[in-house]
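Below is input.csv, which holds CSV, C-alpha atoms and all ligand atoms.
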```csv
chain,number,residue,atom,x,y,z
A,26,MET,CA,0.0,0.0,0.0
A,27,PRO,CA,1.9,3.2,-1.1
A,28,ARG,CA,1.6,6.3,0.9
A,29,VAL,CA,-0.8,8.7,-0.6
A,30,ALA,CA,-0.9,12.6,-0.7
A,31,TYR,CA,-3.7,14.9,-1.7
A,32,VAL,CA,-2.9,17.7,-4.2
A,33,ASN,CA,-5.6,20.0,-5.3
A,34,GLY,CA,-8.4,17.4,-5.5
A,35,ARG,CA,-6.3,14.4,-6.6
A,36,TYR,CA,-5.0,11.5,-4.5
A,37,ILE,CA,-1.5,10.9,-5.7
A,38,GLU,CA,1.3,8.5,-4.6
A,39,HIS,CA,3.2,10.4,-2.1
A,40,ARG,CA,6.6,10.2,-3.8
A,41,ARG,CA,5.1,11.6,-7.0
A,42,ALA,CA,3.1,14.4,-5.3
A,43,ALA,CA,4.2,17.9,-6.4
A,44,VAL,CA,3.1,21.5,-6.8
A,45,HIS,CA,3.9,24.0,-9.5
A,46,VAL,CA,7.1,26.0,-9.2
A,47,GLU,CA,5.0,29.2,-9.2
A,48,ASP,CA,2.9,28.1,-6.2
A,49,ARG,CA,3.0,31.2,-3.9
A,50,GLY,CA,3.7,29.0,-1.0
A,51,TYR,CA,7.0,28.1,-2.6
A,52,GLN,CA,7.8,31.6,-4.0
A,53,PHE,CA,6.7,33.8,-1.0
A,54,ALA,CA,5.7,31.5,1.9
A,55,ASP,CA,2.3,32.9,1.1
A,56,GLY,CA,0.3,30.1,2.8
A,57,VAL,CA,-0.9,28.6,6.1
A,58,TYR,CA,-1.0,25.1,7.6
A,59,GLU,CA,-2.3,22.9,10.3
A,60,VAL,CA,-1.0,19.7,11.8
A,61,ILE,CA,-3.6,17.3,13.3
A,62,HIS,CA,-2.7,14.2,15.2
A,63,LEU,CA,-4.4,11.0,14.0
A,64,TYR,CA,-4.2,9.1,17.2
A,65,ARG,CA,-5.3,5.4,17.0
A,66,GLY,CA,-7.7,6.3,14.3
A,67,ARG,CA,-9.0,9.5,15.9
A,68,LEU,CA,-8.5,13.0,14.6
A,69,ILE,CA,-7.6,15.0,17.7
A,70,ASP,CA,-9.3,18.4,18.1
A,71,GLU,CA,-10.3,18.5,14.5
A,72,ALA,CA,-12.8,21.4,14.9
A,73,PRO,CA,-10.4,23.7,16.7
A,74,HIS,CA,-7.7,23.1,14.1
A,75,LEU,CA,-10.1,23.9,11.3
A,76,ASP,CA,-11.3,27.0,13.2
A,77,ARG,CA,-7.7,28.1,13.5
A,78,LEU,CA,-7.1,27.4,9.8
A,79,ASP,CA,-10.2,29.5,9.0
A,80,ARG,CA,-8.7,32.3,11.2
A,81,SER,CA,-5.2,32.1,9.6
A,82,LEU,CA,-6.8,32.2,6.1
A,83,GLY,CA,-9.0,35.1,7.1
A,84,GLU,CA,-6.2,37.2,8.6
A,85,LEU,CA,-4.2,36.8,5.3
A,86,GLY,CA,-7.2,37.2,2.9
A,87,ILE,CA,-6.7,33.7,1.4
A,88,ALA,CA,-9.9,32.1,0.3
A,89,TRP,CA,-10.8,28.6,1.4
A,90,PRO,CA,-9.7,26.2,-1.4
A,91,VAL,CA,-12.8,24.1,-0.9
A,92,SER,CA,-15.6,24.3,1.6
A,93,ARG,CA,-14.9,23.2,5.2
A,94,ALA,CA,-17.2,20.3,4.7
A,95,ALA,CA,-15.4,19.2,1.6
A,96,LEU,CA,-12.1,19.5,3.4
A,97,ALA,CA,-13.3,17.3,6.2
A,98,LEU,CA,-14.4,14.7,3.7
A,99,ALA,CA,-11.1,14.8,1.8
A,100,MET,CA,-9.2,14.5,5.1
A,101,ARG,CA,-11.1,11.3,5.9
A,102,GLU,CA,-10.6,9.9,2.4
A,103,LEU,CA,-6.8,10.6,2.7
A,104,VAL,CA,-6.8,8.9,6.1
A,105,ARG,CA,-8.7,6.0,4.6
A,106,ARG,CA,-6.3,5.6,1.7
A,107,ASN,CA,-3.2,5.7,3.9
A,108,ARG,CA,-4.4,3.1,6.5
A,109,TYR,CA,-2.3,4.4,9.3
A,110,ALA,CA,-3.7,4.3,12.8
A,111,THR,CA,-1.3,6.9,14.3
A,112,ALA,CA,0.0,9.6,12.1
A,113,LEU,CA,0.2,13.4,11.5
A,114,LEU,CA,-2.2,14.9,9.1
A,115,TYR,CA,-0.6,17.9,7.5
A,116,ILE,CA,-2.9,20.5,5.7
A,117,GLN,CA,-1.4,23.3,3.7
A,118,VAL,CA,-3.3,26.1,1.9
A,119,THR,CA,-1.5,28.7,-0.2
A,120,ARG,CA,-2.7,31.6,-2.2
A,121,GLY,CA,-2.3,29.4,-5.3
A,122,VAL,CA,-0.3,29.4,-8.5
A,123,ALA,CA,0.3,32.6,-10.4
A,124,PRO,CA,3.2,34.4,-12.2
A,125,ARG,CA,5.6,35.7,-9.6
A,126,ASP,CA,4.4,39.1,-8.4
A,127,HIS,CA,4.3,40.2,-4.8
A,128,LYS,CA,0.7,41.6,-4.9
A,129,PHE,CA,-2.2,39.2,-4.7
A,130,PRO,CA,-3.1,37.6,-8.0
A,131,THR,CA,-6.7,37.9,-9.2
A,132,ASP,CA,-8.7,34.9,-10.4
A,133,THR,CA,-6.3,32.4,-8.7
A,134,ARG,CA,-7.7,29.5,-6.8
A,135,SER,CA,-6.1,28.7,-3.4
A,136,ALA,CA,-4.0,25.5,-3.5
A,137,LEU,CA,-4.6,22.7,-1.0
A,138,VAL,CA,-2.1,20.0,-0.2
A,139,MET,CA,-2.4,17.3,2.5
A,140,THR,CA,-0.1,14.5,3.6
A,141,VAL,CA,-0.3,11.8,6.2
A,142,ARG,CA,2.9,10.8,7.9
A,143,PRO,CA,3.0,7.7,10.1
A,144,ILE,CA,4.6,8.3,13.5
A,145,SER,CA,5.4,6.1,16.4
A,146,GLU,CA,3.4,6.7,19.6
A,147,PHE,CA,4.9,9.0,22.3
A,148,PRO,CA,8.4,7.7,22.9
A,149,ALA,CA,8.8,6.3,26.4
A,150,GLU,CA,12.2,8.0,27.0
A,151,MET,CA,10.6,11.4,26.4
A,152,ARG,CA,8.0,10.6,29.1
A,153,ASP,CA,10.5,9.0,31.5
A,154,GLU,CA,13.5,11.3,31.0
A,155,GLY,CA,12.0,14.5,29.6
A,156,ILE,CA,13.8,16.6,26.9
A,157,LYS,CA,16.5,19.3,26.7
A,158,VAL,CA,15.7,22.8,25.6
A,159,ILE,CA,18.0,25.7,24.7
A,160,THR,CA,17.0,29.4,24.6
A,161,ILE,CA,17.5,31.7,21.6
A,162,ASP,CA,16.4,35.1,20.5
A,163,ASP,CA,13.0,35.3,18.9
A,164,LEU,CA,13.7,36.6,15.4
A,165,ARG,CA,10.2,36.2,14.1
A,166,TRP,CA,7.6,38.8,12.8
A,167,ALA,CA,4.8,40.5,14.7
A,168,ARG,CA,2.0,38.1,13.7
A,169,CYS,CA,3.1,34.7,15.1
A,170,ASP,CA,-0.6,34.0,15.9
A,171,ILE,CA,-1.1,33.2,12.2
A,172,LYS,CA,0.1,29.7,11.4
A,173,THR,CA,2.0,30.5,8.2
A,174,VAL,CA,4.4,28.3,6.4
A,175,ALA,CA,7.0,31.1,6.8
A,176,LEU,CA,9.1,29.1,9.3
A,177,LEU,CA,12.7,30.1,8.7
A,178,PRO,CA,13.4,31.4,12.2
A,179,ASN,CA,11.8,28.3,13.6
A,180,VAL,CA,13.9,26.1,11.3
A,181,LEU,CA,17.1,27.8,12.4
A,182,GLY,CA,16.1,27.6,16.0
A,183,LYS,CA,15.3,23.9,15.8
A,184,GLN,CA,18.6,23.3,14.0
A,185,ALA,CA,20.5,25.2,16.7
A,186,ALA,CA,18.7,23.0,19.3
A,187,ALA,CA,19.7,19.8,17.4
A,188,GLU,CA,23.3,20.9,17.1
A,189,SER,CA,23.5,21.4,20.9
A,190,GLY,CA,21.9,18.0,21.6
A,191,ALA,CA,18.6,19.6,22.6
A,192,TYR,CA,15.1,18.7,21.3
A,193,GLU,CA,13.6,22.2,21.2
A,194,ALA,CA,14.6,25.9,21.3
A,195,TRP,CA,12.6,28.3,23.4
A,196,MET,CA,12.6,31.7,21.8
A,197,CYS,CA,12.9,34.8,24.0
A,198,ASP,CA,11.7,38.3,23.3
A,199,THR,CA,13.9,41.4,23.7
A,200,ASP,CA,13.0,41.6,27.4
A,201,GLY,CA,14.1,38.1,28.1
A,202,PHE,CA,10.7,36.5,28.4
A,203,VAL,CA,10.1,33.2,26.7
A,204,THR,CA,7.6,33.4,23.9
A,205,GLU,CA,7.3,29.8,22.8
A,206,GLY,CA,9.2,26.9,21.2
A,207,THR,CA,9.9,26.7,17.5
A,208,SER,CA,7.1,24.2,17.1
A,209,SER,CA,5.5,24.1,20.6
A,210,ASN,CA,4.1,26.3,23.4
A,211,ALA,CA,6.2,26.7,26.5
A,212,TRP,CA,5.0,26.1,30.1
A,213,ILE,CA,6.4,26.2,33.7
A,214,VAL,CA,5.1,25.2,37.1
A,215,THR,CA,6.3,27.6,39.8
A,216,ALA,CA,7.5,26.6,43.3
A,217,ASP,CA,4.0,27.1,44.7
A,218,GLY,CA,2.5,24.8,42.0
A,219,THR,CA,1.1,27.4,39.7
A,220,LEU,CA,0.9,26.5,36.1
A,221,VAL,CA,2.1,29.3,33.9
A,222,THR,CA,2.1,30.0,30.1
A,223,ARG,CA,2.4,33.1,28.0
A,224,PRO,CA,-0.9,34.9,27.1
A,225,ALA,CA,-2.1,34.2,23.6
A,226,GLY,CA,-1.3,37.4,21.8
A,227,PRO,CA,0.2,38.1,18.4
A,228,ASP,CA,3.6,37.0,19.6
A,229,ILE,CA,2.8,33.3,19.9
A,230,LEU,CA,0.7,30.7,18.2
A,231,ARG,CA,-2.5,29.9,20.1
A,232,GLY,CA,-1.8,26.2,20.3
A,233,ILE,CA,-4.7,23.8,20.1
A,234,THR,CA,-3.0,21.5,22.6
A,235,ARG,CA,-2.4,24.6,24.8
A,236,GLN,CA,-6.1,25.3,24.9
A,237,ALA,CA,-6.9,21.7,25.7
A,238,ILE,CA,-4.4,21.8,28.6
A,239,ILE,CA,-5.9,25.0,30.0
A,240,ARG,CA,-9.3,23.2,30.0
A,241,ILE,CA,-7.9,20.1,31.6
A,242,ALA,CA,-6.0,22.1,34.2
A,243,GLY,CA,-9.4,23.8,35.1
A,244,ASP,CA,-11.0,20.4,35.4
A,245,MET,CA,-8.2,19.3,37.7
A,246,GLY,CA,-8.6,22.4,39.8
A,247,LEU,CA,-5.0,23.5,39.2
A,248,THR,CA,-3.9,27.1,39.8
A,249,PHE,CA,-3.3,28.6,36.4
A,250,GLU,CA,-1.8,31.9,35.3
A,251,GLU,CA,-1.6,33.2,31.8
A,252,ARG,CA,1.4,35.5,32.0
A,253,LYS,CA,4.9,36.0,30.7
A,254,PHE,CA,7.8,34.2,32.3
A,255,SER,CA,11.5,34.9,31.9
A,256,ARG,CA,14.3,32.5,31.0
A,257,GLU,CA,15.6,33.0,34.6
A,258,GLU,CA,12.2,32.1,36.1
A,259,ALA,CA,12.1,29.0,33.9
A,260,LEU,CA,15.6,27.9,35.1
A,261,GLU,CA,14.3,28.0,38.7
A,262,ALA,CA,10.9,26.4,38.0
A,263,ARG,CA,9.6,23.3,39.8
A,264,GLU,CA,8.6,21.9,36.4
A,265,ALA,CA,8.7,22.8,32.8
A,266,PHE,CA,7.1,21.3,29.7
A,267,LEU,CA,6.1,22.0,26.2
A,268,SER,CA,2.9,21.2,24.3
A,269,ASN,CA,2.0,20.6,20.7
A,270,SER,CA,-0.1,18.4,18.6
A,271,SER,CA,2.6,15.9,17.8
A,272,HIS,CA,4.0,15.4,21.3
A,273,PHE,CA,1.1,16.5,23.6
A,274,VAL,CA,2.7,17.3,27.0
A,275,THR,CA,6.5,16.7,26.9
A,276,PRO,CA,8.4,17.3,30.1
A,277,VAL,CA,11.4,19.6,29.9
A,278,THR,CA,14.2,18.5,32.3
A,279,SER,CA,17.0,20.8,31.2
A,280,ILE,CA,17.2,24.4,29.9
A,281,ASP,CA,20.5,25.7,28.6
A,282,ASP,CA,22.2,22.8,30.3
A,283,THR,CA,20.7,23.8,33.7
A,284,VAL,CA,18.9,20.9,35.2
A,285,ILE,CA,15.3,21.8,36.1
A,286,ALA,CA,14.3,20.9,39.7
A,287,ASN,CA,15.7,17.3,40.4
A,288,GLY,CA,16.1,16.5,36.7
A,289,ASN,CA,13.0,14.2,36.5
A,290,PRO,CA,9.8,14.9,34.7
A,291,GLY,CA,7.5,16.8,37.1
A,292,SER,CA,4.4,15.2,38.6
A,293,LEU,CA,2.1,17.9,37.2
A,294,SER,CA,3.5,17.5,33.6
A,295,THR,CA,3.1,13.7,33.9
A,296,ALA,CA,-0.5,14.1,35.2
A,297,LEU,CA,-1.4,16.5,32.4
A,298,HIS,CA,0.1,14.1,29.9
A,299,GLY,CA,-2.1,11.3,31.3
A,300,ARG,CA,-5.2,13.4,31.3
A,301,TYR,CA,-4.5,14.6,27.7
A,302,THR,CA,-4.1,10.9,26.6
A,303,GLU,CA,-7.5,10.1,28.2
A,304,PHE,CA,-9.0,13.1,26.3
A,305,MET,CA,-7.5,11.7,23.0
A,306,ASP,CA,-8.9,8.3,23.7
A,307,SER,CA,-12.4,9.8,24.0
A,308,ALA,CA,-12.2,11.5,20.6
A,309,PRO,CA,-14.5,10.1,17.8
A,310,LEU,CA,-13.0,7.7,15.3
A,311,ALA,CA,-12.2,9.5,12.0
A,312,LEU,CA,-13.7,6.6,9.9
A,313,SER,CA,-16.8,4.7,10.8
A,314,ARG,CA,-16.0,1.0,11.2
A,315,GLY,CA,-17.1,-1.6,8.7
B,401,LIG,N1,3.6,23.1,15.5
B,401,LIG,N2,3.9,27.2,18.5
B,401,LIG,C1,4.4,27.0,17.3
B,401,LIG,C2,5.4,28.0,16.7
B,401,LIG,C3,4.0,25.8,16.6
B,401,LIG,O1,4.5,25.6,15.4
B,401,LIG,C4,3.1,24.9,17.2
B,401,LIG,C5,2.7,23.6,16.5
B,401,LIG,C6,2.6,25.2,18.4
B,401,LIG,C7,1.6,24.3,19.1
B,401,LIG,O2,0.4,24.3,18.5
B,401,LIG,P1,-0.6,23.0,18.5
B,401,LIG,O3,-0.8,22.7,19.9
B,401,LIG,O4,-1.8,23.6,17.9
B,401,LIG,O5,0.1,21.9,17.7
B,401,LIG,C8,3.0,26.3,19.1
B,401,LIG,C9,3.2,22.0,14.7
B,401,LIG,C10,3.0,20.8,15.5
B,401,LIG,C11,4.2,21.9,13.6
B,401,LIG,O6,4.6,22.9,13.0
B,401,LIG,O7,4.7,20.8,13.3
```
Turn this file's structure into structure tokens for me.
Ligand code: PDD
Amino acid sequence: MPRVAYVNGRYIEHRRAAVHVEDRGYQFADGVYEVIHLYRGRLIDEAPHLDRLDRSLGELGIAWPVSRAALALAMRELVRRNRYATALLYIQVTRGVAPRDHKFPTDTRSALVMTVRPISEFPAEMRDEGIKVITIDDLRWARCDIKTVALLPNVLGKQAAAESGAYEAWMCDTDGFVTEGTSSNAWIVTADGTLVTRPAGPDILRGITRQAIIRIAGDMGLTFEERKFSREEALEAREAFLSNSSHFVTPVTSIDDTVIANGNPGSLSTALHGRYTEFMDSAPLALSRG
């Protein structure tokens, strides 16, 4: 069974799937994307992801390539054709194909590409040992709330992390406050047990996992503060973790080579990961059985 991609209405063998050289996503990074976790056959938080896609498109004046209902059907057809139980569904919409010219083209259809990439389930060593993070300057633009495919600072940050043996880079604003990771939101737990993450303004992506964690923290009766925290505060935190659709709640046990607390994943991070997994188990199956 070859892996299958979706390109503008067609289901194509993944290794042959391609877009035109004048796709504006390729020429200008003029496009947006979403990553949805397919977890044991369930699309996690599908509606909030499509709501965010709608918002990203709206903020940039890019038209929906197909209706939302048609997209949901195509997503399911792609999942069906790929036959993976656990995977990442990637959805990308660009302003379409047009002769290279910065201003918006007229009469151009938005382009839609989707892929499904099989992944292994949450690695045990990430859960048991946590991951390392470095901090770097946040070099991005002023609208990080839009999930655009313009990810060069994120790419450079992730590469810097990899080169220093870390898994993620936490970006810091000019005042030394952590904004977010290159592909994740950043969290700490303070000495008094308060869960802290940066407010969802234009300087970070409003993570869908972040929203789910806030809801779960409320259900658990945790003290939660949406406020900025500095790199120094993070180094002295009782716990730290990151969140995203691919790795849910991932404990952070070292920042810039400083061990966080006793170096083991924190109890709150572990509990939130467990509750998030229960939440995923309760999501509806993407495809009806039979
Ligand atoms: N990244 N911040 C940034 C910059 C991100 O790229 C992501 C997600 C998040 C977390 O958002 P969510 O919880 O909705 O996944 C925060 C995806 C996974 C990616 O680019 O692969």
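For the pair CA of Val284 in chain A and CA of Leu260 in chain A, the interatomic distance is 7.7 Å.
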Residues within 10 Å of (9.6, 24.2, 33.0), counting all atoms listed in the file, listed as a ChimeraX atom specification: /A:158,211-215,220-222,256,258-267,276-280,285-286,290-291,294
What would the file look like if the residues just selected were written as a JSON list (two decimals), keeping the file's coordinate frame with C-alpha atoms?
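The result, written out as part.json:
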```
[["chain", "number", "residue", "atom", "x", "y", "z"],
["A", 158, "VAL", "CA", 15.70, 22.80, 25.60],
["A", 211, "ALA", "CA", 6.20, 26.70, 26.50],
["A", 212, "TRP", "CA", 5.00, 26.10, 30.10],
["A", 213, "ILE", "CA", 6.40, 26.20, 33.70],
["A", 214, "VAL", "CA", 5.10, 25.20, 37.10],
["A", 215, "THR", "CA", 6.30, 27.60, 39.80],
["A", 220, "LEU", "CA", 0.90, 26.50, 36.10],
["A", 221, "VAL", "CA", 2.10, 29.30, 33.90],
["A", 222, "THR", "CA", 2.10, 30.00, 30.10],
["A", 256, "ARG", "CA", 14.30, 32.50, 31.00],
["A", 258, "GLU", "CA", 12.20, 32.10, 36.10],
["A", 259, "ALA", "CA", 12.10, 29.00, 33.90],
["A", 260, "LEU", "CA", 15.60, 27.90, 35.10],
["A", 261, "GLU", "CA", 14.30, 28.00, 38.70],
["A", 262, "ALA", "CA", 10.90, 26.40, 38.00],
["A", 263, "ARG", "CA", 9.60, 23.30, 39.80],
["A", 264, "GLU", "CA", 8.60, 21.90, 36.40],
["A", 265, "ALA", "CA", 8.70, 22.80, 32.80],
["A", 266, "PHE", "CA", 7.10, 21.30, 29.70],
["A", 267, "LEU", "CA", 6.10, 22.00, 26.20],
["A", 276, "PRO", "CA", 8.40, 17.30, 30.10],
["A", 277, "VAL", "CA", 11.40, 19.60, 29.90],
["A", 278, "THR", "CA", 14.20, 18.50, 32.30],
["A", 279, "SER", "CA", 17.00, 20.80, 31.20],
["A", 280, "ILE", "CA", 17.20, 24.40, 29.90],
["A", 285, "ILE", "CA", 15.30, 21.80, 36.10],
["A", 286, "ALA", "CA", 14.30, 20.90, 39.70],
["A", 290, "PRO", "CA", 9.80, 14.90, 34.70],
["A", 291, "GLY", "CA", 7.50, 16.80, 37.10],
["A", 294, "SER", "CA", 3.50, 17.50, 33.60]]
```
Long-range neighbours of Ser135 in chain A as JSON, numbers by chain, 12 Å cut-off, all atoms listed in the file, 4 positions minimum in chain: {"A": [32, 33, 34, 48, 49, 50, 55, 56, 57, 82, 86, 87, 88, 89, 90, 91, 92, 117, 118, 119, 120, 121, 122, 123, 129, 130, 131]}
Ligand LIG 401 (chain B) neighbours within 7 Å using only C-alpha atoms and all ligand atoms, as a list in words: Val60, Glu205, Gly206, Thr207, Ser208, Ser209, Asn210, Ile229, Leu230, Arg231, Gly232, Ile233, Thr234, Arg235, Ser268, Asn269, Ser270 and Ser271 of chain A
Near range 102-116 of chain A, 12 Å: range 200-314 of chain A residue rows, closest pairs, all atoms listed in the file, as a Markdown table:
```
| residue | atom | partner | partner_atom | distance |
| --- | --- | --- | --- | --- |
| A:Asn269 | CA | A:Leu113 | CA | 11.8 |
| A:Ser270 | CA | A:Leu113 | CA | 8.7 |
| A:Ser271 | CA | A:Leu113 | CA | 7.2 |
| A:His272 | CA | A:Leu113 | CA | 10.7 |
| A:Met305 | CA | A:Thr111 | CA | 11.7 |
| A:Leu310 | CA | A:Ala110 | CA | 10.2 |
| A:Ala311 | CA | A:Val104 | CA | 8.0 |
| A:Leu312 | CA | A:Arg105 | CA | 7.3 |
| A:Ser313 | CA | A:Arg105 | CA | 10.3 |
| A:Arg314 | CA | A:Arg105 | CA | 11.0 |
```
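For the set A:Thr302, A:Thr199, A:Ser307, A:Thr295, the residue with the smallest atom-to-atom gap to Glu154 in chain A is A:Thr295, counting only C-alpha atoms.
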Nearest residue to Thr173 in chain A from the set A:Leu63, A:Leu75, A:Leu85, A:Ala191 (distances using only C-alpha atoms): A:Leu85
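With distances taken from (2.0, 40.6, 14.7) and restricted to all atoms listed in the file, the residues inside 10 Å are Arg165, Trp166, Ala167, Arg168, Cys169, Asp170, Ile171, Gly226, Pro227, Asp228 and Ile229 of chain A.
If you measure from each of A:Phe147, A:Phe254, A:Tyr58, A:Tyr64 to Met196 in chain A using all atoms listed in the file, the closest one turns out to be A:Phe254.
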Distance of CA of Leu293 in chain A from CA of Asp153 in chain A, expressed in Å to one decimal place: 13.5 Å
Pairwise distance for CA of Ala95 in chain A and CA of Thr140 in chain A, rounded to one decimal in Å: 16.1 Å
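The nearest approach to Gly288 in chain A among the residues A:Ile61, A:Ala187, A:Ile156, A:Leu137, with all atoms listed in the file taken into account, belongs to A:Ile156.
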Option closest in space to Arg252 in chain A, from A:Ala225, A:Leu96, A:Ala237, A:Ala43 [counting all atoms listed in the file]: A:Ala225
Nearest to Asp217 in chain A, chosen from A:Asp70, A:Leu247, A:Ala194, A:Glu59, with only C-alpha atoms counted in the distances: A:Leu247
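Neighbours of Arg93 in chain A closer than or equal to 12 Å, with all atoms listed in the file counted and sequence neighbours fewer than 5 positions away skipped, come out as Glu71, Ala72, His74, Leu75, Asp76, Leu78, Asp79, Ala88, Leu98, Ala99 and Met100 of chain A.
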Residues within 7 Å of Thr219 in chain A, all atoms listed in the file, excluding chain neighbours under 5 positions, as an MDAnalysis selection string: chainID A and resid 214 248:250
